[in-house]
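Following: one structure in structure tokens, then a few remarks.
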Amino acid sequence: MGRDVELECLCGAIHGLARDVSKDTVNRVVCLCADCQTFAHYLERADLLDSSGGSDIIQLAPSSITFDRGTEKIACVRLGPKGPYRWYASCCKTPMGNTVKPSLPFVGILPELFREARDPERRDELFGPPRASINGKSAIGTPPPGSTERNLGFLLHTVSVILGWKLRGRSFPHPYFDRASEPLYPVKVLTREERDQARARRAG
Ligand SMILES: [Zn+2]
Ligand SMILES: [Zn+2]
């Protein structure tokens, strides 16, 4: 059984709760993919990436997340028409979770949104250490060990976790979609030019 942990954007305008958080109830991974880096640069929050350009992502069941304040500030960007929904706080540009449609129920959140986890020392205790580093081909500098190969063990673990959430009805209530799977907050799809601009910042 996990603990309830407060969620808050970095300026404090948006507030919520993640229920039942523990190393056994979340799935943690460091993603080094170019799109996660581009998203951070789009928000001008590259400070939240690690030294290899990695995003520390905590995946939770959608129904474990609720917001009780500041929801009018929630916004979303997609790097392209088929890209994941990348939610963020429009007030202070705190990333608030990556999702796809609720048919694949997960929300992947950076630790900074969890108040207690702003202290990096607390993260392993709250979430367990990352299970893997993935997509290392896009890493900055030397890729972390094991991150460039296909990680079948991690992939299977992730599929089983998300499938478990789906079977146990943890898709709804979803913090970002209604039951018809329509987004609850404004979604902007970047044009190719806008995406390339954000990508260029990554390179620079
Ligand atoms: Zn904020
Ligand atoms: Zn990624």
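We label chains A, B, ... in the order they appear in the structure tokens, count residues from 1 in each chain, and number ligands from 1 in the order shown.
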
Please, which residues have at least one atom within 7 Å of an atom of ligand 2, using only C-alpha atoms and all ligand atoms, listed as a list in words? Cys31, Leu32, Cys33, Ala34, Asp35 and Cys36 of chain A

Can those selected residues be exported to a file as a PDB file, in the first residue's frame so that it contains N, CA, C and O atoms?
```
ATOM      1  N   CYS A  31      13.742   8.564 -19.483  1.00  0.00           N
ATOM      2  CA  CYS A  31      13.596   8.560 -20.941  1.00  0.00           C
ATOM      3  C   CYS A  31      14.507   9.617 -21.552  1.00  0.00           C
ATOM      4  O   CYS A  31      14.417  10.795 -21.210  1.00  0.00           O
ATOM      5  N   LEU A  32      15.361   9.166 -22.453  1.00  0.00           N
ATOM      6  CA  LEU A  32      16.332  10.068 -23.089  1.00  0.00           C
ATOM      7  C   LEU A  32      15.906  10.453 -24.497  1.00  0.00           C
ATOM      8  O   LEU A  32      16.689  11.037 -25.247  1.00  0.00           O
ATOM      9  N   CYS A  33      14.678  10.172 -24.871  1.00  0.00           N
ATOM     10  CA  CYS A  33      14.277  10.365 -26.268  1.00  0.00           C
ATOM     11  C   CYS A  33      14.294  11.849 -26.644  1.00  0.00           C
ATOM     12  O   CYS A  33      14.163  12.742 -25.801  1.00  0.00           O
ATOM     13  N   ALA A  34      14.461  12.085 -27.928  1.00  0.00           N
ATOM     14  CA  ALA A  34      14.566  13.452 -28.428  1.00  0.00           C
ATOM     15  C   ALA A  34      13.287  14.242 -28.160  1.00  0.00           C
ATOM     16  O   ALA A  34      13.338  15.442 -27.878  1.00  0.00           O
ATOM     17  N   ASP A  35      12.130  13.580 -28.212  1.00  0.00           N
ATOM     18  CA  ASP A  35      10.871  14.308 -28.026  1.00  0.00           C
ATOM     19  C   ASP A  35      10.695  14.793 -26.583  1.00  0.00           C
ATOM     20  O   ASP A  35      10.200  15.900 -26.355  1.00  0.00           O
ATOM     21  N   CYS A  36      11.074  13.957 -25.623  1.00  0.00           N
ATOM     22  CA  CYS A  36      10.985  14.416 -24.225  1.00  0.00           C
ATOM     23  C   CYS A  36      11.915  15.616 -24.013  1.00  0.00           C
ATOM     24  O   CYS A  36      11.567  16.565 -23.307  1.00  0.00           O
TER      25      CYS A  36
END
```

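Neighbours of ligand 1 at a cut-off of 6 Å, computed so that only C-alpha atoms and all ligand atoms are counted, are the residues Cys9, Leu10, Cys11, Gly12, Ala13, Ile14, Ala89, Cys91 and Cys92 of chain A.
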
With N, CA, C and O atoms retained, export the selected residues as a short mmCIF file (atom, residue, chain, number, x, y, z; two decimals), in the first residue's frame.
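This is the output file result-v8.cif:
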```
data_model
loop_
_atom_site.label_atom_id
_atom_site.label_comp_id
_atom_site.auth_asym_id
_atom_site.auth_seq_id
_atom_site.Cartn_x
_atom_site.Cartn_y
_atom_site.Cartn_z
N CYS A 9 2.27 22.46 -8.98
CA CYS A 9 3.18 23.06 -9.96
C CYS A 9 4.17 23.95 -9.21
O CYS A 9 3.95 24.30 -8.04
N LEU A 10 5.25 24.32 -9.86
CA LEU A 10 6.34 24.98 -9.13
C LEU A 10 5.95 26.35 -8.58
O LEU A 10 6.53 26.81 -7.60
N CYS A 11 4.93 27.01 -9.14
CA CYS A 11 4.50 28.30 -8.58
C CYS A 11 3.37 28.13 -7.56
O CYS A 11 2.99 29.08 -6.89
N GLY A 12 2.82 26.94 -7.46
CA GLY A 12 1.81 26.67 -6.44
C GLY A 12 0.37 26.91 -6.88
O GLY A 12 -0.55 26.65 -6.10
N ALA A 13 0.15 27.38 -8.09
CA ALA A 13 -1.22 27.70 -8.53
C ALA A 13 -2.07 26.43 -8.71
O ALA A 13 -3.26 26.42 -8.43
N ILE A 14 -1.43 25.37 -9.20
CA ILE A 14 -2.15 24.12 -9.44
C ILE A 14 -1.79 23.15 -8.33
O ILE A 14 -0.61 22.97 -8.01
N ALA A 89 1.75 23.08 -16.79
CA ALA A 89 1.14 24.22 -16.10
C ALA A 89 1.46 25.48 -16.89
O ALA A 89 2.63 25.84 -17.03
N CYS A 91 0.99 28.44 -16.05
CA CYS A 91 1.45 29.51 -15.15
C CYS A 91 2.96 29.54 -15.02
O CYS A 91 3.58 30.60 -15.11
N CYS A 92 3.59 28.38 -14.81
CA CYS A 92 5.02 28.36 -14.48
C CYS A 92 5.79 27.34 -15.31
O CYS A 92 6.95 27.09 -15.05
#
```

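Minimum distance to Arg150 in chain A across A:Pro111, A:Gly128, A:Val29, A:Asn135 (counting only C-alpha atoms) occurs at A:Asn135.
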
Neighbours of Gly54 in chain A within 12 Å (only C-alpha atoms; same-chain residues fewer than 3 positions away dropped), as JSON, numbers by chain? {"A": [29, 30, 31, 32, 33, 34, 35, 36, 37, 38, 39, 40, 46, 47, 48, 49, 50, 51, 57, 110, 130, 132, 133, 134, 135, 136, 137, 138, 139, 140, 141, 142, 143, 144, 147]}

Can you spit out the residues from that selection as a tab-separated table (two decimals), in the first residue's frame, using N, CA, C and O atoms?
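See out-v1.tsv below for the written result:
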```tsv
chain	number	residue	atom	x	y	z
A	29	VAL	N	11.02	5.37	-14.96
A	29	VAL	CA	12.00	5.17	-16.03
A	29	VAL	C	12.64	6.52	-16.41
A	29	VAL	O	11.99	7.56	-16.29
A	30	VAL	N	13.87	6.49	-16.81
A	30	VAL	CA	14.50	7.70	-17.35
A	30	VAL	C	14.45	7.62	-18.87
A	30	VAL	O	15.00	6.70	-19.47
A	31	CYS	N	13.74	8.56	-19.48
A	31	CYS	CA	13.60	8.56	-20.94
A	31	CYS	C	14.51	9.62	-21.55
A	31	CYS	O	14.42	10.80	-21.21
A	32	LEU	N	15.36	9.17	-22.45
A	32	LEU	CA	16.33	10.07	-23.09
A	32	LEU	C	15.91	10.45	-24.50
A	32	LEU	O	16.69	11.04	-25.25
A	33	CYS	N	14.68	10.17	-24.87
A	33	CYS	CA	14.28	10.36	-26.27
A	33	CYS	C	14.29	11.85	-26.64
A	33	CYS	O	14.16	12.74	-25.80
A	34	ALA	N	14.46	12.08	-27.93
A	34	ALA	CA	14.57	13.45	-28.43
A	34	ALA	C	13.29	14.24	-28.16
A	34	ALA	O	13.34	15.44	-27.88
A	35	ASP	N	12.13	13.58	-28.21
A	35	ASP	CA	10.87	14.31	-28.03
A	35	ASP	C	10.70	14.79	-26.58
A	35	ASP	O	10.20	15.90	-26.36
A	36	CYS	N	11.07	13.96	-25.62
A	36	CYS	CA	10.98	14.42	-24.23
A	36	CYS	C	11.92	15.62	-24.01
A	36	CYS	O	11.57	16.57	-23.31
A	37	GLN	N	13.08	15.58	-24.63
A	37	GLN	CA	14.00	16.73	-24.52
A	37	GLN	C	13.41	17.95	-25.20
A	37	GLN	O	13.47	19.07	-24.68
A	38	THR	N	12.82	17.74	-26.38
A	38	THR	CA	12.24	18.85	-27.12
A	38	THR	C	11.11	19.51	-26.33
A	38	THR	O	10.98	20.74	-26.29
A	39	PHE	N	10.30	18.68	-25.68
A	39	PHE	CA	9.21	19.21	-24.85
A	39	PHE	C	9.77	20.11	-23.75
A	39	PHE	O	9.28	21.22	-23.53
A	40	ALA	N	10.81	19.65	-23.06
A	40	ALA	CA	11.40	20.47	-21.98
A	40	ALA	C	11.92	21.79	-22.55
A	40	ALA	O	11.75	22.85	-21.93
A	46	ALA	N	14.51	23.16	-19.62
A	46	ALA	CA	15.58	22.17	-19.79
A	46	ALA	C	16.32	21.93	-18.49
A	46	ALA	O	17.05	20.94	-18.35
A	47	ASP	N	16.13	22.83	-17.51
A	47	ASP	CA	16.75	22.62	-16.19
A	47	ASP	C	16.21	21.36	-15.51
A	47	ASP	O	16.82	20.85	-14.58
A	48	LEU	N	15.06	20.86	-15.98
A	48	LEU	CA	14.49	19.68	-15.36
A	48	LEU	C	15.05	18.38	-15.96
A	48	LEU	O	14.74	17.29	-15.48
A	49	LEU	N	15.88	18.50	-17.01
A	49	LEU	CA	16.51	17.31	-17.60
A	49	LEU	C	17.79	16.99	-16.84
A	49	LEU	O	18.43	17.89	-16.30
A	50	ASP	N	18.17	15.70	-16.83
A	50	ASP	CA	19.44	15.37	-16.20
A	50	ASP	C	20.60	15.68	-17.16
A	50	ASP	O	20.38	16.14	-18.28
A	51	SER	N	21.82	15.42	-16.74
A	51	SER	CA	22.99	15.85	-17.53
A	51	SER	C	23.09	15.12	-18.87
A	51	SER	O	23.76	15.58	-19.79
A	57	ILE	N	10.79	9.87	-15.28
A	57	ILE	CA	9.33	9.78	-15.45
A	57	ILE	C	8.73	8.75	-14.51
A	57	ILE	O	9.17	7.61	-14.45
A	110	LEU	N	6.97	13.97	-14.21
A	110	LEU	CA	8.30	14.27	-13.67
A	110	LEU	C	8.21	14.47	-12.16
A	110	LEU	O	7.21	14.98	-11.65
A	130	PRO	N	14.81	4.23	-10.65
A	130	PRO	CA	14.36	3.98	-12.02
A	130	PRO	C	14.64	2.53	-12.43
A	130	PRO	O	15.68	1.99	-12.10
A	132	ALA	N	14.87	1.55	-15.51
A	132	ALA	CA	15.67	1.52	-16.73
A	132	ALA	C	15.92	2.94	-17.22
A	132	ALA	O	15.23	3.88	-16.81
A	133	SER	N	16.94	3.07	-18.07
A	133	SER	CA	17.10	4.28	-18.88
A	133	SER	C	16.88	3.83	-20.32
A	133	SER	O	17.46	2.83	-20.75
A	134	ILE	N	16.04	4.55	-21.04
A	134	ILE	CA	15.68	4.10	-22.39
A	134	ILE	C	15.91	5.21	-23.43
A	134	ILE	O	16.05	6.38	-23.07
A	135	ASN	N	15.94	4.80	-24.68
A	135	ASN	CA	16.13	5.72	-25.82
A	135	ASN	C	17.45	6.48	-25.74
A	135	ASN	O	17.55	7.64	-26.12
A	136	GLY	N	18.49	5.77	-25.27
A	136	GLY	CA	19.80	6.38	-25.08
A	136	GLY	C	20.47	6.88	-26.35
A	136	GLY	O	21.43	7.65	-26.28
A	137	LYS	N	19.96	6.48	-27.51
A	137	LYS	CA	20.57	6.97	-28.76
A	137	LYS	C	20.48	8.48	-28.87
A	137	LYS	O	21.27	9.11	-29.56
A	138	SER	N	19.50	9.07	-28.18
A	138	SER	CA	19.36	10.53	-28.21
A	138	SER	C	20.01	11.21	-27.01
A	138	SER	O	19.82	12.40	-26.81
A	139	ALA	N	20.77	10.45	-26.22
A	139	ALA	CA	21.39	11.04	-25.03
A	139	ALA	C	22.39	12.11	-25.42
A	139	ALA	O	22.96	12.09	-26.52
A	140	ILE	N	22.60	13.04	-24.50
A	140	ILE	CA	23.65	14.05	-24.68
A	140	ILE	C	24.91	13.46	-24.05
A	140	ILE	O	24.90	13.06	-22.89
A	141	GLY	N	25.98	13.39	-24.84
A	141	GLY	CA	27.22	12.78	-24.34
A	141	GLY	C	27.11	11.27	-24.34
A	141	GLY	O	26.35	10.68	-25.11
A	142	THR	N	27.85	10.63	-23.45
A	142	THR	CA	27.87	9.16	-23.39
A	142	THR	C	26.54	8.65	-22.84
A	142	THR	O	26.11	9.06	-21.76
A	143	PRO	N	25.86	7.77	-23.60
A	143	PRO	CA	24.57	7.27	-23.11
A	143	PRO	C	24.73	6.47	-21.82
A	143	PRO	O	25.73	5.76	-21.66
A	144	PRO	N	23.78	6.56	-20.89
A	144	PRO	CA	23.83	5.75	-19.68
A	144	PRO	C	23.87	4.26	-20.03
A	144	PRO	O	23.30	3.85	-21.06
A	147	SER	N	21.18	1.87	-22.01
A	147	SER	CA	20.07	2.68	-22.50
A	147	SER	C	19.90	2.65	-24.02
A	147	SER	O	18.88	3.10	-24.54
```

Can you list, as a PyMOL selection string, all residues belonging to range 21-185 of chain A that DSSP tags as strand (DSSP E or B)? chain A and resi 21+27-31+55-60+65-69+74-78+85-89+95-99+107-109+114+133-134+177+183

Which residues are close to Leu60 in chain A, i.e. within 12 Å by only C-alpha atoms, leaving aside same-chain residues fewer than 3 positions away? Reply as an NGL selection string. :A and (2 or 17-29 or 57 or 63-66 or 96-99 or 104-111 or 127 or 158 or 161-162 or 164-166 or 170-171 or 174-175)

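When CA of Gly169 in chain A is paired with CA of Ile74 in chain A, their separation reads 24.4 Å.
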